[in-house]
Each structure stands twice: as C-alpha cells, then as structure tokens.
Amino acid sequence: MTSFVEPSFLRDIGPFAFTRQVERLLLHIGFTDVINIDGPNDQGGDIVAQFRGERWVFQAKWKANAPVPATAIDEVLSAKAYYGANRAAVVSNSRFGRTVSERRTELERIGVRVELWSGKELLELYNHPRTANRLPELPLRPYQSKAFEAVVEDLDAKGRALLILATGLGKTVIGGEVIARHLRYHPDDRVLVVAHTKDLVEQLERALWYHVPKSTRTQFLTGDHKPDDLRGITCATVASALAYARRGYRPGLVMVDEAHHVAENGQFAELLDELAEVPQFGVTATPWRGDRFDIRNRFGDPSETVGIEDGMRLGYLADVRYRLFADNIDWDFVREASQYSYTIRDLNARLFLPERDEAIRDHLIGVWEQTANPRAIIFCRTVEHAERMASLLAAVPQWKGAYAVHAGLGPRERQLRLMRFRNGDVPIITAVDILNEGVDVPDVNIICFARVTHSRRIFVQQLGRGLRLRTGKSHVEALDFVSDIRRVAAILNMREQVAADDIETLRLPASGTRFEFSDRRAEELMREWIKDAASLETALDESRLQFPDPDIFAG
C-alpha cells in the first residue's frame with residue numbers, strides 16, 4: 001500500500017482532498033486541535049492547528065504540475081494575522097519556485113518567518129522516525145467490545161450485520177474497528193463506507209484515521225471528488241458509490257452509516273443489491289423509519305443494541321435533568337372530554353396551548369444562570385423560526401451574537417458559524433434539522449426543544465447532542481416546551497427504563513437523571529392516560545385514544 005502523501009496519489013485526488021491529507025499528516029506528526037477551514041473566505045488559511053503551545057496556520061496549495069506562486073506567502077501571512085497564529089506555513093504537493101524562496105528570504109530579513117513544505121518535505125515528514133504509525137487509540141469500553149465481537153460474528157457467519165448504538169456511545173468507533181480487523185486479514189481489499197450526505201462522508205473519513213495505520217490510504221468519493229484509484233478506504237455518498245458500482249467497482253467490505261436511511265427501494269437499496277455478494281453491515285443510533293420499512297429486512301436482526309436508556313444506566317452518557325413544560329394544558333377541554341375517542345392529531349390540537357418564544361427565552365435565562373459553563377442549542381420548527389429565535393436571544397446581553405444554523409445557509413457560512421460555536425466565541429445557537437446527524441458540533445449542556453416533532457428518530461438524535469460525557473460536565477439540562485402526546489409517551493417510557501434495576505449497572509452513586517413535569521397534574525393525567533408508552537411513541541396521527549375518567553382531573 002502506498003503512502004497517503006505519495007506524489008501520484010496527491011496529484012490524483014485534487015485540491016480539496018489534498019488539504020485533508022495534510023490534515024491527517026499533521027495529526028501523525030503530533031499536532032492537536034487540527035481544524036480544516038478550507039473554503040471561500042478562509043482569509044488565506046486552510047488549516048489551523050496547535051503544536052507545543054503554538055498556533056499554526058497552513059495554506060495548502062495543490063498543483064497538478066506548476067510551481068507554487070509567491071502570492072501564497074502573502075496569503076498565509078494574512079491568515080496568520082486573522083486567526084491569531086504564532087507560526088505560518090505553505091504546504092504543497094508540488095514544488096516552490098524561485099520567486100517563493102526570494103519572497104521568504106526578504107521577509108526573514110525583517111524577522112518574519114514562513115515555513116515551506118513541498119511534496120518532498122511531506123514524504124520526509126511521513127517517513128520521519130518521530131511520526132506516529134498510528135494515531136492514539138482509545139480502548140474499547142466493555143459494551144463496545146461486546147458489540148464489536150457480535151458484529152464480527154454475524155459478518156463472518158451471514159455476511160450481514162446491524163449495530164444499533166445510541167448517539168454518544170461510539171457506533172463509528174466500533175465500525176472503525178470492524179474495518180481495521182478486516183484489513184488486517186485482507187490487506188489488499190478495498191473498503192467502502194457509504195453515507196447519505198457529503199458532510200457525513202467527510203466526518204467519517206476523519207474518524208477512521210484513528211483506527212488504521214498510516215499505511216492505509218483513505219479518500220472520499222462524492223459528486224465533486226472522483227478519484228480513479230480507490231485502494232484503501234473510500235468514504236462515499238450513496239449516489240457516487242452507486243455510479244462506481246455500476247461500472248464494476250467491488251470492495252471487500254461495505255459499511256453503511258446512519259443505516260436508517262436505507263429504504264425498501266431507492267439508491268441505497270440499489271447499491272446494496274449491486275454489491276449483494278460483498279459483506280455488508282449497517283450502523284445507526286435510530287433504527288426507526290417514517291415509512292415503516294424495517295431495516296432488519298436488509299441487514300438482519302441487530303447484532304447488538306445499546307439505547308440511550310442503557311447508556312445512562314451504565315454511566316456512559318451524561319445524566320439528564322429533563323423538564324417538560326406541560327403547564328399550558330387546556331384543562332377546560334380535559335373536563336369536557338369524557339370518554340370520547342379522539343385522534344392524536346385532534347388531541348394535540350385541542351389539549352395543548354402554544355408556548356410563546358418569549359416564555360422560552362425567560363425560562364432559558366433562569367437555567368443558564370444556574371449552569372456552569374453553559375453551552376446551548378435550541379431546536380426550532382423552521383428556518384424562519386430559528387432566525388427569529390436567534391434574534392430574540394441575541395437581545396439578551398449574555399447571548400449577544402447568537403445566530404441560527406440551518407440548511408438555508410451556504411456551506412462555508414454554516415461551517416464558520418459552527419466553528420465559532422465550537423471555539424466558544426458564541427455560547428448559544430438555534431437550529432432546525434441540520435444538527436440532527438452528520439454535523440460535528442461540540443458537546444453542550446443545555447438542550448432546548450422549541451419545535452414539534454412526531455419523529456422518535458429526530459427527537460432521540462436531538463437529545464443525543466447533549467449526552468456525550470466530558471471532563472467537568474455533570475449533566476445536561478433538557479427543556480421541552482413542545483407538548484405532544486407521543487413526546488410525553490417517549491419521556492415516560494425513557495424514565496421507566498432508566499430507573500429499571502439492572503444487575504450490570506456500572507454507576508456506583510445514585511443516578512442523577514430526572515424526568516420532570518412542570519405541572520404535577522399534567523404528569524398524573526399523562527400517567528393514567530398513556531398506559532402503553534412504548535407503542536404510543538410511534539403511533540400515527542390517526543390513532544385514537546380515550547381519556548381516563550375526567551372527574552379525576554376536574555380540579
């Protein structure tokens with residue numbers, strides 16, 4: 001297997017993918033906090049990273065044959081000032097011409113230094129004895145080891161496997177270990193990792209670097225990036241992978257991330273059918289689909305399932321202080337309901353009164369003041385609602401600069417906003433569905449639901465954004481201002497499962513997870529009303545329910 005900085009490989013993959021290979025090399029050298037900022041309006045910088053207490057900024061210059069122009073030095077110096085870096089470097093797969101060397105010498109005379117790494121230097125750095133062969137590995141937790149063994153066993157026995165692991169429990173970690181094991185036994189095989197969005201594809205490639213040695217090449221395959229050589233691991237969008245499979249591309253193993261996107265028909269189904277003879281496994285945190293297609297029909301019964309409730313009980317997810325604001329119930333309707341059957345749609349429309357954004361803001365201020373190092377995401381209904389909510393929050397002094405993140409933004413603007421949030425420059429953002437999956441966001445300790453969602457999958461994904469453990473994080477505050485019957489059922493069901501006795505529980509102190517209603521009468525009403533929370537969670541709008549005896553709640 002050739003190096004991932006081998007000249008012909010770097011020439012083949014193009015400028016954007018070249019920057020990512022530089023990013024990977026920096027990690028192997030020992031740089032930390034490596035952030036890829038490549039894109040329009042990047043102020044002349046493509047990568048920002050830390051090394052031995054200094055911030056570096058890199059300008060990546062991919063060239064097919066021509067030398068790098070001297071303007072690259074001025075661009076990276078502009079980036080150095082913009083990002084507050086201590087050191088600056090221009091990196092290229094090509095060579096530096098005479099004018100570049102002259103410009104660097106000129107600047108050195110006045111005490112300004114710019115590093116130049118050509119394709120030759122990249123190979124030397126790659127082969128240097130101090131350059132790590134592997135990035136730091138995290139030992140698998142007991143449940144991860146069990147899940148890894150189960151997936152491998154099913155793949156070996158049936159050629160199919162399915163892993164269901166809640167957000168924050170490391171499904172990509174296990175997937176990476178499965179791929180690494182396959183390549184140890186079949187080093188010449190090609191591996192395909194497929195996902196439904198370009199953002200997720202890029203995130204997956206980066207995650208897989210931590211599971212394979214530097215001798216294993218990785219690349220991504222999308223509508224914009226179409227390499228000819230797919231040796232090693234290829235992370236691809238489904239449409240691009242399907243096009244290559246139709247032309248004869250045959251990997252030795254296929255991993256489908258966010259496997260709940262696999263439907264009975266469509267591009268995922270066609271791709272997996274095209275590669276039917278290839279071992280395939282899917283990973284997901286949320287196996288439920290809106291069209292009721294059961295992904296077990298594609299991958300078989302789950303090799304292992306570890307849900308949010310399991311993660312909480314085992315102590316591998318953050319404690320949750322969940323507060324459902326159900327004090328806006330229309331009690332007149334409750335008294336008049338008697339024993340009539342109503343559809344869930346009717347009940348949601350007549351039972352709950354809408355909560356105003358101003359009330360959400362006021363409750364959020366109170367929680368914010370009582371939370372150490374608060375970081376918050378507010379999930380909204382629409383793009384317009386997210387923008388309106390962001391403006392409302394930005395008027396609060398401690399939230400000045402709050403903004404919205406959604407699919408209506410251009411990719412570069414969305415990336416910049418997420419980077420500012422990740423860096424802590426802005427501690428609170430509003431969002432629509434863009435943060436549900438496939439977008440790298442920092443751990444937060446306040447999650448606020450200001451939107452209706454009847455989807456169990458979306459609700460669990462959004463809650464999962466606050467469940468990752470981190471040093472100094474005691475718990476996550478979850479504020480739910482959208483009262484929906486199925487949401488209430490999900491919370492009651494989750495509370496019962498988290499509180500269940502489990503002989504394998506690893507947490508020694510009492511769990512700090514709590515699920516509370518702001519109105520105790522509402523809790524009692526729901527407890528009587530919802531007798532089968534597990535099935536009601538996924539009920540349709542047309543499902544009919546009956547109230548309990550209204551006299552119980554007449555007061």
# chains A, B, ... in the order shown; residues from 1 in each chain; ligands from 1
call {"tool": "select_by_dssp", "arguments": {"residues": "region 11-231 of chain A", "states": "helix (DSSP H, G or I)", "output": "short mmCIF file (atom, residue, chain, number, x, y, z; two decimals) with N, CA and C atoms, in the first residue's frame"}}
result
data_model
loop_
_atom_site.label_atom_id
_atom_site.label_comp_id
_atom_site.auth_asym_id
_atom_site.auth_seq_id
_atom_site.Cartn_x
_atom_site.Cartn_y
_atom_site.Cartn_z
N ARG A 11 -1.65 14.03 -6.47
CA ARG A 11 -1.99 14.68 -7.74
C ARG A 11 -3.37 14.22 -8.22
N ASP A 12 -3.71 12.96 -7.93
CA ASP A 12 -4.98 12.39 -8.40
C ASP A 12 -6.18 12.92 -7.63
N ILE A 13 -6.02 13.17 -6.34
CA ILE A 13 -7.20 13.46 -5.51
C ILE A 13 -7.67 14.91 -5.60
N PRO A 15 -7.42 19.39 -5.14
CA PRO A 15 -7.06 20.36 -4.11
C PRO A 15 -7.77 20.18 -2.77
N PHE A 16 -9.08 19.94 -2.77
CA PHE A 16 -9.79 19.86 -1.50
C PHE A 16 -9.36 18.63 -0.72
N ALA A 17 -9.27 17.49 -1.39
CA ALA A 17 -8.84 16.27 -0.72
C ALA A 17 -7.38 16.35 -0.30
N PHE A 18 -6.56 17.12 -1.03
CA PHE A 18 -5.16 17.31 -0.64
C PHE A 18 -5.08 17.95 0.74
N THR A 19 -5.90 18.96 0.96
CA THR A 19 -5.90 19.63 2.27
C THR A 19 -6.19 18.63 3.39
N ARG A 20 -7.07 17.70 3.14
CA ARG A 20 -7.42 16.71 4.15
C ARG A 20 -6.27 15.75 4.42
N GLN A 21 -5.47 15.42 3.41
CA GLN A 21 -4.31 14.56 3.64
C GLN A 21 -3.26 15.29 4.47
N VAL A 22 -3.13 16.60 4.25
CA VAL A 22 -2.24 17.41 5.09
C VAL A 22 -2.75 17.40 6.53
N GLU A 23 -4.05 17.52 6.67
CA GLU A 23 -4.66 17.47 8.00
C GLU A 23 -4.30 16.16 8.71
N ARG A 24 -4.41 15.05 7.99
CA ARG A 24 -4.08 13.75 8.58
C ARG A 24 -2.60 13.67 8.95
N LEU A 25 -1.72 14.17 8.08
CA LEU A 25 -0.29 14.13 8.37
C LEU A 25 0.03 14.94 9.63
N LEU A 26 -0.60 16.09 9.79
CA LEU A 26 -0.36 16.90 10.99
C LEU A 26 -0.70 16.13 12.26
N LEU A 27 -1.78 15.36 12.22
CA LEU A 27 -2.15 14.55 13.39
C LEU A 27 -1.08 13.52 13.69
N HIS A 28 -0.54 12.87 12.66
CA HIS A 28 0.50 11.87 12.87
C HIS A 28 1.79 12.51 13.38
N ILE A 29 2.06 13.74 12.99
CA ILE A 29 3.26 14.44 13.46
C ILE A 29 3.14 14.79 14.93
N THR A 71 2.61 34.54 -4.25
CA THR A 71 1.45 35.12 -3.56
C THR A 71 0.97 34.24 -2.40
N ALA A 72 1.31 32.96 -2.43
CA ALA A 72 0.89 32.06 -1.35
C ALA A 72 1.45 32.51 -0.01
N ILE A 73 2.65 33.08 0.00
CA ILE A 73 3.26 33.54 1.25
C ILE A 73 2.46 34.70 1.84
N ASP A 74 2.09 35.64 0.99
CA ASP A 74 1.31 36.78 1.50
C ASP A 74 -0.07 36.34 1.97
N GLU A 75 -0.64 35.33 1.30
CA GLU A 75 -1.95 34.82 1.71
C GLU A 75 -1.88 34.19 3.10
N VAL A 76 -0.85 33.39 3.35
CA VAL A 76 -0.76 32.72 4.64
C VAL A 76 -0.42 33.71 5.75
N LEU A 77 0.31 34.76 5.44
CA LEU A 77 0.58 35.79 6.44
C LEU A 77 -0.69 36.55 6.80
N SER A 78 -1.55 36.76 5.81
CA SER A 78 -2.85 37.36 6.08
C SER A 78 -3.67 36.46 7.01
N ALA A 79 -3.63 35.17 6.75
CA ALA A 79 -4.34 34.21 7.60
C ALA A 79 -3.74 34.16 9.00
N LYS A 80 -2.44 34.28 9.09
CA LYS A 80 -1.77 34.27 10.39
C LYS A 80 -2.29 35.40 11.27
N ALA A 81 -2.42 36.58 10.69
CA ALA A 81 -2.94 37.73 11.45
C ALA A 81 -4.41 37.54 11.79
N TYR A 82 -5.19 37.02 10.84
CA TYR A 82 -6.65 36.87 11.04
C TYR A 82 -6.96 35.87 12.14
N TYR A 83 -6.23 34.75 12.16
CA TYR A 83 -6.52 33.68 13.12
C TYR A 83 -5.66 33.77 14.38
N ARG A 98 11.47 29.88 -7.68
CA ARG A 98 12.48 30.83 -7.21
C ARG A 98 11.85 32.05 -6.56
N THR A 99 10.73 32.54 -7.09
CA THR A 99 10.12 33.75 -6.54
C THR A 99 9.61 33.53 -5.11
N VAL A 100 9.18 32.29 -4.81
CA VAL A 100 8.73 31.99 -3.45
C VAL A 100 9.90 32.05 -2.48
N SER A 101 11.02 31.45 -2.86
CA SER A 101 12.20 31.46 -2.00
C SER A 101 12.70 32.88 -1.78
N GLU A 102 12.67 33.69 -2.83
CA GLU A 102 13.12 35.08 -2.70
C GLU A 102 12.21 35.86 -1.76
N ARG A 103 10.90 35.64 -1.88
CA ARG A 103 9.95 36.34 -1.01
C ARG A 103 10.14 35.91 0.44
N ARG A 104 10.36 34.64 0.69
CA ARG A 104 10.58 34.19 2.06
C ARG A 104 11.86 34.79 2.63
N THR A 105 12.94 34.81 1.86
CA THR A 105 14.20 35.39 2.32
C THR A 105 14.04 36.87 2.64
N GLU A 106 13.31 37.58 1.80
CA GLU A 106 13.06 39.00 2.00
C GLU A 106 12.35 39.24 3.35
N LEU A 107 11.38 38.39 3.66
CA LEU A 107 10.64 38.54 4.90
C LEU A 107 11.47 38.16 6.12
N GLU A 108 12.36 37.17 5.95
CA GLU A 108 13.20 36.75 7.07
C GLU A 108 14.13 37.86 7.51
N GLY A 119 6.20 18.80 -1.74
CA GLY A 119 5.89 17.39 -1.79
C GLY A 119 7.03 16.54 -1.24
N LYS A 120 8.26 16.97 -1.45
CA LYS A 120 9.43 16.25 -0.93
C LYS A 120 9.42 16.27 0.59
N GLU A 121 9.17 17.44 1.19
CA GLU A 121 9.13 17.54 2.65
C GLU A 121 7.99 16.72 3.24
N LEU A 122 6.88 16.65 2.55
CA LEU A 122 5.76 15.84 3.06
C LEU A 122 6.17 14.38 3.19
N LEU A 123 6.87 13.84 2.18
CA LEU A 123 7.33 12.46 2.25
C LEU A 123 8.34 12.28 3.38
N GLU A 124 9.23 13.27 3.56
CA GLU A 124 10.23 13.18 4.63
C GLU A 124 9.55 13.19 6.00
N LEU A 125 8.55 14.04 6.16
CA LEU A 125 7.82 14.09 7.42
C LEU A 125 7.07 12.78 7.67
N TYR A 126 6.47 12.25 6.63
CA TYR A 126 5.72 10.99 6.74
C TYR A 126 6.64 9.86 7.21
N ASN A 127 7.86 9.83 6.69
CA ASN A 127 8.80 8.74 6.99
C ASN A 127 9.69 9.02 8.19
N PRO A 142 -16.38 -1.96 27.78
CA PRO A 142 -16.90 -3.34 27.78
C PRO A 142 -18.05 -3.57 26.81
N TYR A 143 -19.04 -2.65 26.77
CA TYR A 143 -20.17 -2.85 25.86
C TYR A 143 -19.74 -2.70 24.41
N GLN A 144 -18.70 -1.87 24.14
CA GLN A 144 -18.19 -1.73 22.78
C GLN A 144 -17.49 -3.00 22.32
N SER A 145 -16.71 -3.61 23.22
CA SER A 145 -16.04 -4.87 22.88
C SER A 145 -17.07 -5.95 22.57
N LYS A 146 -18.12 -6.00 23.38
CA LYS A 146 -19.18 -6.99 23.16
C LYS A 146 -19.86 -6.74 21.81
N ALA A 147 -20.13 -5.47 21.50
CA ALA A 147 -20.79 -5.14 20.23
C ALA A 147 -19.88 -5.45 19.05
N PHE A 148 -18.59 -5.14 19.18
CA PHE A 148 -17.62 -5.43 18.11
C PHE A 148 -17.60 -6.93 17.81
N GLU A 149 -17.52 -7.74 18.85
CA GLU A 149 -17.48 -9.19 18.66
C GLU A 149 -18.76 -9.71 18.02
N ALA A 150 -19.90 -9.12 18.40
CA ALA A 150 -21.18 -9.56 17.85
C ALA A 150 -21.28 -9.22 16.36
N VAL A 151 -20.84 -8.02 15.98
CA VAL A 151 -20.88 -7.63 14.57
C VAL A 151 -19.96 -8.53 13.75
N VAL A 152 -18.75 -8.76 14.23
CA VAL A 152 -17.80 -9.62 13.51
C VAL A 152 -18.36 -11.03 13.35
N GLU A 153 -18.97 -11.54 14.41
CA GLU A 153 -19.53 -12.89 14.36
C GLU A 153 -20.62 -12.99 13.30
N ASP A 154 -21.51 -12.00 13.23
CA ASP A 154 -22.57 -12.02 12.23
C ASP A 154 -22.03 -11.85 10.82
N LEU A 155 -21.03 -10.98 10.66
CA LEU A 155 -20.43 -10.79 9.33
C LEU A 155 -19.78 -12.09 8.85
N ASP A 156 -19.06 -12.74 9.75
CA ASP A 156 -18.38 -13.98 9.36
C ASP A 156 -19.39 -15.09 9.04
N ALA A 157 -20.50 -15.12 9.80
CA ALA A 157 -21.45 -16.21 9.64
C ALA A 157 -22.46 -15.96 8.53
N LYS A 158 -22.90 -14.71 8.38
CA LYS A 158 -24.00 -14.41 7.46
C LYS A 158 -23.67 -13.38 6.40
N LYS A 171 -20.73 4.33 17.92
CA LYS A 171 -21.00 3.39 16.84
C LYS A 171 -19.94 3.48 15.74
N THR A 172 -19.43 4.69 15.48
CA THR A 172 -18.38 4.83 14.46
C THR A 172 -17.07 4.21 14.94
N VAL A 173 -16.82 4.27 16.25
CA VAL A 173 -15.64 3.63 16.82
C VAL A 173 -15.67 2.13 16.55
N ILE A 174 -16.82 1.51 16.80
CA ILE A 174 -16.94 0.07 16.57
C ILE A 174 -16.85 -0.23 15.07
N GLY A 175 -17.51 0.59 14.25
CA GLY A 175 -17.41 0.40 12.80
C GLY A 175 -15.97 0.49 12.33
N GLY A 176 -15.22 1.46 12.88
CA GLY A 176 -13.81 1.59 12.51
C GLY A 176 -12.99 0.38 12.90
N GLU A 177 -13.29 -0.20 14.06
CA GLU A 177 -12.56 -1.40 14.50
C GLU A 177 -12.90 -2.60 13.63
N VAL A 178 -14.15 -2.69 13.20
CA VAL A 178 -14.54 -3.79 12.29
C VAL A 178 -13.78 -3.67 10.97
N ILE A 179 -13.68 -2.45 10.46
CA ILE A 179 -12.94 -2.22 9.21
C ILE A 179 -11.46 -2.54 9.40
N ALA A 180 -10.88 -2.09 10.53
CA ALA A 180 -9.46 -2.34 10.78
C ALA A 180 -9.18 -3.84 10.86
N ARG A 181 -10.08 -4.59 11.51
CA ARG A 181 -9.90 -6.04 11.58
C ARG A 181 -9.94 -6.67 10.19
N HIS A 182 -10.88 -6.22 9.36
CA HIS A 182 -10.98 -6.78 8.01
C HIS A 182 -9.69 -6.54 7.23
N LEU A 183 -9.13 -5.34 7.35
CA LEU A 183 -7.92 -5.02 6.59
C LEU A 183 -6.69 -5.74 7.15
N ARG A 184 -6.71 -6.08 8.42
CA ARG A 184 -5.59 -6.88 8.95
C ARG A 184 -5.56 -8.26 8.30
N TYR A 185 -6.74 -8.84 8.08
CA TYR A 185 -6.82 -10.17 7.48
C TYR A 185 -6.80 -10.12 5.95
N LYS A 198 -22.64 14.58 2.02
CA LYS A 198 -21.22 14.87 1.87
C LYS A 198 -20.60 15.23 3.21
N ASP A 199 -21.31 16.01 4.04
CA ASP A 199 -20.78 16.38 5.35
C ASP A 199 -20.46 15.15 6.18
N LEU A 200 -21.35 14.18 6.16
CA LEU A 200 -21.15 12.96 6.93
C LEU A 200 -20.00 12.13 6.37
N VAL A 201 -19.88 12.09 5.06
CA VAL A 201 -18.78 11.37 4.42
C VAL A 201 -17.43 11.93 4.88
N GLU A 202 -17.30 13.24 4.89
CA GLU A 202 -16.06 13.87 5.31
C GLU A 202 -15.78 13.60 6.78
N GLN A 203 -16.81 13.62 7.61
CA GLN A 203 -16.66 13.35 9.02
C GLN A 203 -16.22 11.91 9.26
N LEU A 204 -16.76 10.98 8.49
CA LEU A 204 -16.41 9.57 8.64
C LEU A 204 -14.95 9.31 8.26
N GLU A 205 -14.50 9.92 7.17
CA GLU A 205 -13.10 9.70 6.77
C GLU A 205 -12.17 10.13 7.89
N ARG A 206 -12.44 11.29 8.48
CA ARG A 206 -11.59 11.79 9.56
C ARG A 206 -11.62 10.84 10.76
N ALA A 207 -12.79 10.32 11.10
CA ALA A 207 -12.91 9.42 12.25
C ALA A 207 -12.13 8.12 12.02
N LEU A 208 -12.09 7.64 10.79
CA LEU A 208 -11.44 6.36 10.51
C LEU A 208 -9.92 6.43 10.59
#
call {"tool": "residues_around", "arguments": {"residues": "region 364-370 of chain A", "least_positions_apart": "5", "cutoff": "9 Å", "atoms": "only C-alpha atoms", "output": "ChimeraX atom specification"}}
result
/A:359,375-376,396,446,448,477,479
call {"tool": "write_last_selection", "arguments": {"atoms": "N, CA and C atoms", "output": "PDB file, in the first residue's frame"}}
result
ATOM      1  N   ALA A 359     -41.605  33.251  26.418  1.00  0.00           N
ATOM      2  CA  ALA A 359     -41.621  32.418  27.617  1.00  0.00           C
ATOM      3  C   ALA A 359     -40.449  31.446  27.599  1.00  0.00           C
ATOM      4  N   ARG A 375     -23.486  25.922  27.524  1.00  0.00           N
ATOM      5  CA  ARG A 375     -23.451  25.891  26.059  1.00  0.00           C
ATOM      6  C   ARG A 375     -24.788  25.316  25.620  1.00  0.00           C
ATOM      7  N   ALA A 376     -25.494  25.990  24.727  1.00  0.00           N
ATOM      8  CA  ALA A 376     -26.878  25.591  24.450  1.00  0.00           C
ATOM      9  C   ALA A 376     -27.190  25.531  22.967  1.00  0.00           C
ATOM     10  N   VAL A 396     -30.473  39.475  24.498  1.00  0.00           N
ATOM     11  CA  VAL A 396     -30.082  39.247  25.891  1.00  0.00           C
ATOM     12  C   VAL A 396     -28.577  39.460  25.997  1.00  0.00           C
ATOM     13  N   ILE A 446     -26.968  22.262  27.637  1.00  0.00           N
ATOM     14  CA  ILE A 446     -28.364  22.699  27.645  1.00  0.00           C
ATOM     15  C   ILE A 446     -28.964  22.406  26.265  1.00  0.00           C
ATOM     16  N   CYS A 448     -32.657  22.614  24.250  1.00  0.00           N
ATOM     17  CA  CYS A 448     -33.996  23.201  24.360  1.00  0.00           C
ATOM     18  C   CYS A 448     -34.812  22.804  23.132  1.00  0.00           C
ATOM     19  N   GLU A 477     -29.047  19.774  30.835  1.00  0.00           N
ATOM     20  CA  GLU A 477     -30.394  20.292  31.088  1.00  0.00           C
ATOM     21  C   GLU A 477     -31.183  20.205  29.786  1.00  0.00           C
ATOM     22  N   LEU A 479     -34.800  21.143  28.207  1.00  0.00           N
ATOM     23  CA  LEU A 479     -36.025  21.921  28.400  1.00  0.00           C
ATOM     24  C   LEU A 479     -36.945  21.667  27.215  1.00  0.00           C
TER      25      LEU A 479
END
call {"tool": "residues_around", "arguments": {"residues": "Leu165 (chain A)", "least_positions_apart": "3", "cutoff": "8 Å", "atoms": "only C-alpha atoms", "output": "PyMOL selection string"}}
result
chain A and resi 169-171+283-286+304-307
call {"tool": "atom_distance", "arguments": {"atom1": "CA of Phe333 (chain A)", "atom2": "CA of Ala522 (chain A)"}}
result
13.1 Å
call {"tool": "atom_distance", "arguments": {"atom1": "CA of Leu463 (chain A)", "atom2": "CA of Leu392 (chain A)"}}
result
22.8 Å
call {"tool": "residues_around", "arguments": {"residues": "Phe4 (chain A)", "least_positions_apart": "6", "cutoff": "8 Å", "atoms": "only C-alpha atoms", "output": "CSV table (one decimal) with N, CA and C atoms, in the first residue's frame"}}
result
chain,number,residue,atom,x,y,z
A,10,LEU,N,-1.5,12.2,-4.4
A,10,LEU,CA,-1.9,13.6,-4.1
A,10,LEU,C,-2.3,14.3,-5.4
A,21,GLN,N,-5.5,15.4,3.4
A,21,GLN,CA,-4.3,14.6,3.6
A,21,GLN,C,-3.3,15.3,4.5
A,214,LYS,N,-1.0,4.5,9.3
A,214,LYS,CA,-0.8,5.5,8.3
A,214,LYS,C,-0.6,4.9,6.9
A,215,SER,N,-0.2,3.6,6.8
A,215,SER,CA,0.0,3.0,5.5
A,215,SER,C,-1.4,2.7,4.8
A,216,THR,N,-2.5,2.8,5.5
A,216,THR,CA,-3.8,2.6,4.9
A,216,THR,C,-4.3,4.0,4.4
A,217,ARG,N,-4.5,4.1,3.1
A,217,ARG,CA,-5.0,5.3,2.5
A,217,ARG,C,-6.5,5.4,2.7
A,218,THR,N,-6.9,6.7,2.8
A,218,THR,CA,-8.3,7.0,2.8
A,218,THR,C,-8.6,8.1,1.8
